[in-house]
Amino acid sequence: MSIADPAPGLPGFVHLYSGKVRDLYAPIGDDGRAREDQLLLVASDRISAFDFVLEPAIPDKGAVLTQLSLWWFEQLASIVPNHVLSTDVPAEVAGRAVLVRRLEMLPVECVARAYLTGGGLREYAADGHVSGIRLPEGLVDGSRFDQPIFTPSTKAPQGEHDEPMSYAAVEAAIGSGLAARARELTTAILARGNEIAAERGILIADTKVEFGVVDGELVLADEVLTPDSSRFWPADQWEPGHTQPSFDKEFVREWLLSPESGWDKASGEAPPPLPEDVVERTRAKYVEAYERLTGTTFAR
Ligand code: Q0Z
């Protein structure tokens with residue numbers, strides 16, 4: 001019996017770490033040792049839902065998300081510099097890996113929200129505030145804010161959930177200057193992202209970005225405005241007052257929660273393998289998001 005190796009060895013690279021759906025490597029330098037100034041970020045085709053990594057993988061998901069992130073880095077280049085060095089990567093990971101500058105990362109998950117949902121909605125329901133920001137009365141799941149709000153969270157260890165962090169706690173962690181810049185850039189990235197996406201029929205409800213610091217200035221790192229770091233909603237189905245359909249994982253979640261899957265979310269058991277048609281329709285949604293946003297065809 002064999003199981004798929006989630007993080008295959010890559011010649012010329014040292015494997016450092018694997019998250020649920022991505023793998024991190026360091027290039028081996030001319031001295032035969034792991035370079036400390038660069039990283040290779042590899043996006044796999046793995047998909048997660050309800051905190052489980054599902055089987056099978058979604059063909060091309062890693063490449064679609066990597067190419068989308070690279071496209072966004074270009075769109076955002078006048079707002080913020082980024083960590084990308086090169087897309088010249090080993091054939092095994094071609095199209096789904098990026099060589100980046102290894103940075104000192106902010107110890108904060110920088111989240112911006114343009115619409116109220118998820119954890120923000122739970123905070124609002126409790127006391128009318130989200131991340132210490134007082135919001136108008138009468139907002140519902142899916143309500144749009146006048147402008148994006150900054151709702152940072154802690155970087156939880158793997159397997160744990162990020163916790164909301166007050167702005168004061170961010171200032172205490174990184175200083176008030178970097179905190180203000182992180183807030184300004186995170187909200188500007190989501191606002192600009194939504195200007196572009198809205199023309200293509202997609203709403204970006206919220207997003208998480210990561211910054212590194214170079215000479216006291218913030219540099220955008222990791223992935224940006226992908227369906228894995230953000231909630232994408234189909235604009236034509238936006239209807240505040242209930243949970244919005246997820247652009248990418250709609251079919252996956254719908255099938256897992258349906259009687260056909262035989263899965264009980266409350267059981268704590270791993271979900272069953274996805275049927276081929278769910279895999280294929282999900283792949284098509286990732287490709288559709290890429291093609292609508294970039295206006296270009298995704299070439300396999
Ligand atoms: C990103 C992650 C994973 C991919 C660390 N430029 C950078 N400098 C230093 N650290 C990072 C980056 Cl992007 C960094 N992550 C998240 C985990 C695969 C990205 F397994 N962790």
# chains A, B, ... in the order shown; residues from 1 in each chain; ligands from 1
call {"tool": "residues_near_ligand", "arguments": {"ligand": "ligand 1", "cutoff": "7 Å", "atoms": "only C-alpha atoms and all ligand atoms", "output": "PDB file with N, CA, C and O atoms, in the first residue's frame"}}
result
ATOM      1  N   TYR A  17       9.239  22.834   6.487  1.00  0.00           N
ATOM      2  CA  TYR A  17       7.971  22.859   7.190  1.00  0.00           C
ATOM      3  C   TYR A  17       6.855  22.570   6.196  1.00  0.00           C
ATOM      4  O   TYR A  17       6.950  22.958   5.031  1.00  0.00           O
ATOM      5  N   SER A  18       5.803  21.905   6.668  1.00  0.00           N
ATOM      6  CA  SER A  18       4.597  21.757   5.849  1.00  0.00           C
ATOM      7  C   SER A  18       3.381  22.183   6.632  1.00  0.00           C
ATOM      8  O   SER A  18       3.191  21.768   7.778  1.00  0.00           O
ATOM      9  N   GLY A  19       2.572  23.040   6.012  1.00  0.00           N
ATOM     10  CA  GLY A  19       1.265  23.383   6.566  1.00  0.00           C
ATOM     11  C   GLY A  19       0.238  22.413   5.989  1.00  0.00           C
ATOM     12  O   GLY A  19       0.601  21.418   5.374  1.00  0.00           O
ATOM     13  N   ARG A  22       0.437  23.711   2.072  1.00  0.00           N
ATOM     14  CA  ARG A  22       1.651  24.240   1.429  1.00  0.00           C
ATOM     15  C   ARG A  22       2.899  23.725   2.131  1.00  0.00           C
ATOM     16  O   ARG A  22       2.850  23.317   3.291  1.00  0.00           O
ATOM     17  N   ASP A  23       3.994  23.775   1.389  1.00  0.00           N
ATOM     18  CA  ASP A  23       5.266  23.277   1.894  1.00  0.00           C
ATOM     19  C   ASP A  23       6.333  24.352   1.727  1.00  0.00           C
ATOM     20  O   ASP A  23       6.318  25.109   0.760  1.00  0.00           O
ATOM     21  N   LEU A  24       7.239  24.388   2.680  1.00  0.00           N
ATOM     22  CA  LEU A  24       8.280  25.414   2.722  1.00  0.00           C
ATOM     23  C   LEU A  24       9.652  24.732   2.666  1.00  0.00           C
ATOM     24  O   LEU A  24       9.893  23.781   3.413  1.00  0.00           O
ATOM     25  N   LEU A  39      13.634  31.419   0.550  1.00  0.00           N
ATOM     26  CA  LEU A  39      12.724  30.293   0.803  1.00  0.00           C
ATOM     27  C   LEU A  39      12.050  29.910  -0.503  1.00  0.00           C
ATOM     28  O   LEU A  39      11.859  30.762  -1.385  1.00  0.00           O
ATOM     29  N   LEU A  41       8.431  28.622  -1.554  1.00  0.00           N
ATOM     30  CA  LEU A  41       7.059  28.360  -1.101  1.00  0.00           C
ATOM     31  C   LEU A  41       6.388  27.490  -2.145  1.00  0.00           C
ATOM     32  O   LEU A  41       6.270  27.907  -3.294  1.00  0.00           O
ATOM     33  N   VAL A  42       5.944  26.332  -1.761  1.00  0.00           N
ATOM     34  CA  VAL A  42       5.315  25.404  -2.697  1.00  0.00           C
ATOM     35  C   VAL A  42       3.849  25.218  -2.324  1.00  0.00           C
ATOM     36  O   VAL A  42       3.540  24.849  -1.190  1.00  0.00           O
ATOM     37  N   HIS A  83       7.812  40.035  -1.576  1.00  0.00           N
ATOM     38  CA  HIS A  83       8.959  39.153  -1.305  1.00  0.00           C
ATOM     39  C   HIS A  83       9.427  38.315  -2.493  1.00  0.00           C
ATOM     40  O   HIS A  83      10.396  37.569  -2.367  1.00  0.00           O
ATOM     41  N   VAL A 100      11.409  33.140  -2.786  1.00  0.00           N
ATOM     42  CA  VAL A 100      11.145  34.430  -2.149  1.00  0.00           C
ATOM     43  C   VAL A 100      12.289  34.835  -1.217  1.00  0.00           C
ATOM     44  O   VAL A 100      13.111  34.009  -0.822  1.00  0.00           O
ATOM     45  N   ARG A 101      12.290  36.131  -0.912  1.00  0.00           N
ATOM     46  CA  ARG A 101      13.209  36.657   0.090  1.00  0.00           C
ATOM     47  C   ARG A 101      12.753  36.212   1.458  1.00  0.00           C
ATOM     48  O   ARG A 101      11.583  36.418   1.817  1.00  0.00           O
ATOM     49  N   ARG A 102      13.663  35.637   2.221  1.00  0.00           N
ATOM     50  CA  ARG A 102      13.297  35.248   3.582  1.00  0.00           C
ATOM     51  C   ARG A 102      13.364  36.487   4.469  1.00  0.00           C
ATOM     52  O   ARG A 102      14.397  37.150   4.555  1.00  0.00           O
ATOM     53  N   LEU A 103      12.259  36.783   5.107  1.00  0.00           N
ATOM     54  CA  LEU A 103      12.122  38.024   5.873  1.00  0.00           C
ATOM     55  C   LEU A 103      11.890  37.749   7.348  1.00  0.00           C
ATOM     56  O   LEU A 103      11.448  36.661   7.725  1.00  0.00           O
ATOM     57  N   GLU A 104      12.137  38.776   8.160  1.00  0.00           N
ATOM     58  CA  GLU A 104      11.688  38.762   9.553  1.00  0.00           C
ATOM     59  C   GLU A 104      10.201  39.065   9.522  1.00  0.00           C
ATOM     60  O   GLU A 104       9.790  40.162   9.128  1.00  0.00           O
ATOM     61  N   MET A 105       9.372  38.077   9.904  1.00  0.00           N
ATOM     62  CA  MET A 105       7.932  38.242   9.760  1.00  0.00           C
ATOM     63  C   MET A 105       7.320  38.903  10.995  1.00  0.00           C
ATOM     64  O   MET A 105       7.747  38.650  12.128  1.00  0.00           O
ATOM     65  N   GLY A 212       6.663  40.974   6.098  1.00  0.00           N
ATOM     66  CA  GLY A 212       7.990  40.949   6.673  1.00  0.00           C
ATOM     67  C   GLY A 212       8.481  42.384   6.804  1.00  0.00           C
ATOM     68  O   GLY A 212       7.851  43.308   6.296  1.00  0.00           O
ATOM     69  N   ALA A 221       4.392  39.457   2.046  1.00  0.00           N
ATOM     70  CA  ALA A 221       4.971  38.119   1.905  1.00  0.00           C
ATOM     71  C   ALA A 221       3.857  37.090   1.738  1.00  0.00           C
ATOM     72  O   ALA A 221       2.679  37.422   1.619  1.00  0.00           O
ATOM     73  N   ASP A 222       4.266  35.827   1.711  1.00  0.00           N
ATOM     74  CA  ASP A 222       3.331  34.709   1.669  1.00  0.00           C
ATOM     75  C   ASP A 222       2.460  34.776   0.412  1.00  0.00           C
ATOM     76  O   ASP A 222       2.935  35.147  -0.643  1.00  0.00           O
TER      77      ASP A 222
END
call {"tool": "residues_around", "arguments": {"residues": "Glu184 in chain A", "least_positions_apart": "3", "cutoff": "12 Å", "atoms": "only C-alpha atoms", "output": "PyMOL selection string"}}
result
chain A and resi 79-80+110-112+147-151+177-181+187-191+218
call {"tool": "write_last_selection", "arguments": {"atoms": "C-alpha atoms", "output": "PDB file, in the first residue's frame"}}
result
ATOM      1  CA  ILE A  79       0.896  50.030  -2.932  1.00  0.00           C
ATOM      2  CA  VAL A  80       3.417  47.653  -1.357  1.00  0.00           C
ATOM      3  CA  CYS A 110      -3.018  40.965   9.408  1.00  0.00           C
ATOM      4  CA  VAL A 111      -6.703  40.580   8.598  1.00  0.00           C
ATOM      5  CA  ALA A 112      -8.974  43.074   6.870  1.00  0.00           C
ATOM      6  CA  GLN A 147     -14.531  50.781   4.200  1.00  0.00           C
ATOM      7  CA  PRO A 148     -12.476  47.725   5.181  1.00  0.00           C
ATOM      8  CA  ILE A 149     -11.661  47.354   8.879  1.00  0.00           C
ATOM      9  CA  PHE A 150      -8.437  45.946  10.352  1.00  0.00           C
ATOM     10  CA  THR A 151      -9.077  42.911  12.583  1.00  0.00           C
ATOM     11  CA  GLY A 177       4.596  52.873  13.805  1.00  0.00           C
ATOM     12  CA  LEU A 178       4.606  49.393  12.257  1.00  0.00           C
ATOM     13  CA  ALA A 179       1.120  48.715  13.640  1.00  0.00           C
ATOM     14  CA  ALA A 180      -0.277  51.804  11.895  1.00  0.00           C
ATOM     15  CA  ARG A 181       1.489  50.896   8.650  1.00  0.00           C
ATOM     16  CA  THR A 187      -6.990  47.655   4.471  1.00  0.00           C
ATOM     17  CA  ALA A 188      -5.592  49.267   1.286  1.00  0.00           C
ATOM     18  CA  ILE A 189      -4.811  45.816  -0.184  1.00  0.00           C
ATOM     19  CA  LEU A 190      -8.376  44.612   0.429  1.00  0.00           C
ATOM     20  CA  ALA A 191      -9.924  47.872  -0.838  1.00  0.00           C
ATOM     21  CA  LEU A 218       6.813  46.397   5.483  1.00  0.00           C
TER      22      LEU A 218
END
call {"tool": "atom_distance", "arguments": {"atom1": "CA of Gly12 in chain A", "atom2": "CA of Asp88 in chain A"}}
result
13.2 Å
call {"tool": "select_by_dssp", "arguments": {"residues": "range 1-250 of chain A", "states": "helix (DSSP H, G or I)", "output": "ChimeraX atom specification"}}
result
/A:61-75,91-93,118-127,167-174,176-198,235-237,250
call {"tool": "write_last_selection", "arguments": {"atoms": "C-alpha atoms", "output": "PDB file, in the first residue's frame"}}
result
ATOM      1  CA  LYS A  61      -5.158  24.049  -7.377  1.00  0.00           C
ATOM      2  CA  GLY A  62      -1.560  24.791  -6.316  1.00  0.00           C
ATOM      3  CA  ALA A  63      -0.672  26.289  -9.682  1.00  0.00           C
ATOM      4  CA  VAL A  64      -3.881  28.342  -9.923  1.00  0.00           C
ATOM      5  CA  LEU A  65      -3.353  29.851  -6.457  1.00  0.00           C
ATOM      6  CA  THR A  66       0.348  30.511  -7.059  1.00  0.00           C
ATOM      7  CA  GLN A  67      -0.320  32.232 -10.400  1.00  0.00           C
ATOM      8  CA  LEU A  68      -3.175  34.245  -8.879  1.00  0.00           C
ATOM      9  CA  SER A  69      -0.987  35.389  -5.995  1.00  0.00           C
ATOM     10  CA  LEU A  70       1.776  36.432  -8.436  1.00  0.00           C
ATOM     11  CA  TRP A  71      -0.781  38.385 -10.477  1.00  0.00           C
ATOM     12  CA  TRP A  72      -2.030  40.177  -7.351  1.00  0.00           C
ATOM     13  CA  PHE A  73       1.548  41.042  -6.308  1.00  0.00           C
ATOM     14  CA  GLU A  74       1.853  42.871  -9.657  1.00  0.00           C
ATOM     15  CA  GLN A  75      -1.520  44.620  -9.263  1.00  0.00           C
ATOM     16  CA  ALA A  91      10.314  21.107 -12.797  1.00  0.00           C
ATOM     17  CA  GLU A  92       8.625  19.021 -10.069  1.00  0.00           C
ATOM     18  CA  VAL A  93       6.956  22.166  -8.704  1.00  0.00           C
ATOM     19  CA  GLY A 118     -17.394  34.475  10.235  1.00  0.00           C
ATOM     20  CA  GLY A 119     -15.487  35.392  13.363  1.00  0.00           C
ATOM     21  CA  GLY A 120     -16.230  39.100  12.853  1.00  0.00           C
ATOM     22  CA  LEU A 121     -19.965  38.390  12.859  1.00  0.00           C
ATOM     23  CA  ARG A 122     -19.619  36.374  16.095  1.00  0.00           C
ATOM     24  CA  GLU A 123     -17.805  39.288  17.770  1.00  0.00           C
ATOM     25  CA  TYR A 124     -20.398  41.782  16.482  1.00  0.00           C
ATOM     26  CA  ALA A 125     -23.286  39.633  17.721  1.00  0.00           C
ATOM     27  CA  ALA A 126     -21.721  39.535  21.187  1.00  0.00           C
ATOM     28  CA  ASP A 127     -21.360  43.294  21.760  1.00  0.00           C
ATOM     29  CA  TYR A 167      -5.041  46.964  18.038  1.00  0.00           C
ATOM     30  CA  ALA A 168      -3.363  47.926  21.307  1.00  0.00           C
ATOM     31  CA  ALA A 169      -1.908  44.412  21.537  1.00  0.00           C
ATOM     32  CA  VAL A 170      -0.530  44.784  17.993  1.00  0.00           C
ATOM     33  CA  GLU A 171       1.079  48.104  18.971  1.00  0.00           C
ATOM     34  CA  ALA A 172       2.595  46.463  22.039  1.00  0.00           C
ATOM     35  CA  ALA A 173       3.951  43.581  19.927  1.00  0.00           C
ATOM     36  CA  ILE A 174       5.492  45.528  16.994  1.00  0.00           C
ATOM     37  CA  SER A 176       2.864  51.860  17.048  1.00  0.00           C
ATOM     38  CA  GLY A 177       4.596  52.873  13.805  1.00  0.00           C
ATOM     39  CA  LEU A 178       4.606  49.393  12.257  1.00  0.00           C
ATOM     40  CA  ALA A 179       1.120  48.715  13.640  1.00  0.00           C
ATOM     41  CA  ALA A 180      -0.277  51.804  11.895  1.00  0.00           C
ATOM     42  CA  ARG A 181       1.489  50.896   8.650  1.00  0.00           C
ATOM     43  CA  ALA A 182       0.259  47.280   8.833  1.00  0.00           C
ATOM     44  CA  ARG A 183      -3.303  48.516   9.330  1.00  0.00           C
ATOM     45  CA  GLU A 184      -3.041  51.025   6.490  1.00  0.00           C
ATOM     46  CA  LEU A 185      -1.544  48.500   4.040  1.00  0.00           C
ATOM     47  CA  THR A 186      -3.833  45.592   4.959  1.00  0.00           C
ATOM     48  CA  THR A 187      -6.990  47.655   4.471  1.00  0.00           C
ATOM     49  CA  ALA A 188      -5.592  49.267   1.286  1.00  0.00           C
ATOM     50  CA  ILE A 189      -4.811  45.816  -0.184  1.00  0.00           C
ATOM     51  CA  LEU A 190      -8.376  44.612   0.429  1.00  0.00           C
ATOM     52  CA  ALA A 191      -9.924  47.872  -0.838  1.00  0.00           C
ATOM     53  CA  ARG A 192      -7.869  47.777  -4.065  1.00  0.00           C
ATOM     54  CA  GLY A 193      -8.482  44.045  -4.407  1.00  0.00           C
ATOM     55  CA  ASN A 194     -12.229  44.627  -4.215  1.00  0.00           C
ATOM     56  CA  GLU A 195     -12.114  47.485  -6.763  1.00  0.00           C
ATOM     57  CA  ILE A 196     -10.506  45.090  -9.229  1.00  0.00           C
ATOM     58  CA  ALA A 197     -12.544  41.999  -8.296  1.00  0.00           C
ATOM     59  CA  ALA A 198     -15.915  43.793  -8.366  1.00  0.00           C
ATOM     60  CA  ALA A 235     -21.172  39.050  -6.569  1.00  0.00           C
ATOM     61  CA  ASP A 236     -24.415  38.138  -8.325  1.00  0.00           C
ATOM     62  CA  GLN A 237     -25.470  35.937  -5.380  1.00  0.00           C
ATOM     63  CA  GLU A 250     -19.282  25.536  -2.193  1.00  0.00           C
TER      64      GLU A 250
END
call {"tool": "closest_residue", "arguments": {"among": "A:Val224, A:Leu106, A:Ala43, A:Leu99", "to": "Ile204 in chain A", "atoms": "only C-alpha atoms"}}
result
A:Val224
call {"tool": "closest_residue", "arguments": {"among": "A:Glu199, A:Asp31, A:Glu269, A:Asp248", "to": "Val287 in chain A", "atoms": "only C-alpha atoms"}}
result
A:Asp248
call {"tool": "select_by_dssp", "arguments": {"residues": "range 25-273 of chain A", "states": "strand (DSSP E)", "output": "PyMOL selection string"}}
result
chain A and resi 25-27+38-43+48-49+52-53+84-86+97-101+104-105+110-115+129-130+133-134+144-150+202-214+217-221+230-234
call {"tool": "closest_residue", "arguments": {"among": "A:Pro56, A:Gly132, A:Pro152, A:Pro271", "to": "Arg253 in chain A", "atoms": "only C-alpha atoms"}}
result
A:Pro271
call {"tool": "atom_distance", "arguments": {"atom1": "CA of Arg46 in chain A", "atom2": "CA of Glu160 in chain A"}}
result
19.1 Å
call {"tool": "atom_distance", "arguments": {"atom1": "CA of Pro90 in chain A", "atom2": "CA of Val21 in chain A"}}
result
18.7 Å
call {"tool": "closest_residue", "arguments": {"among": "A:Pro59, A:Ile133, A:Ser166, A:Lys208", "to": "Val278 in chain A", "atoms": "only C-alpha atoms"}}
result
A:Pro59
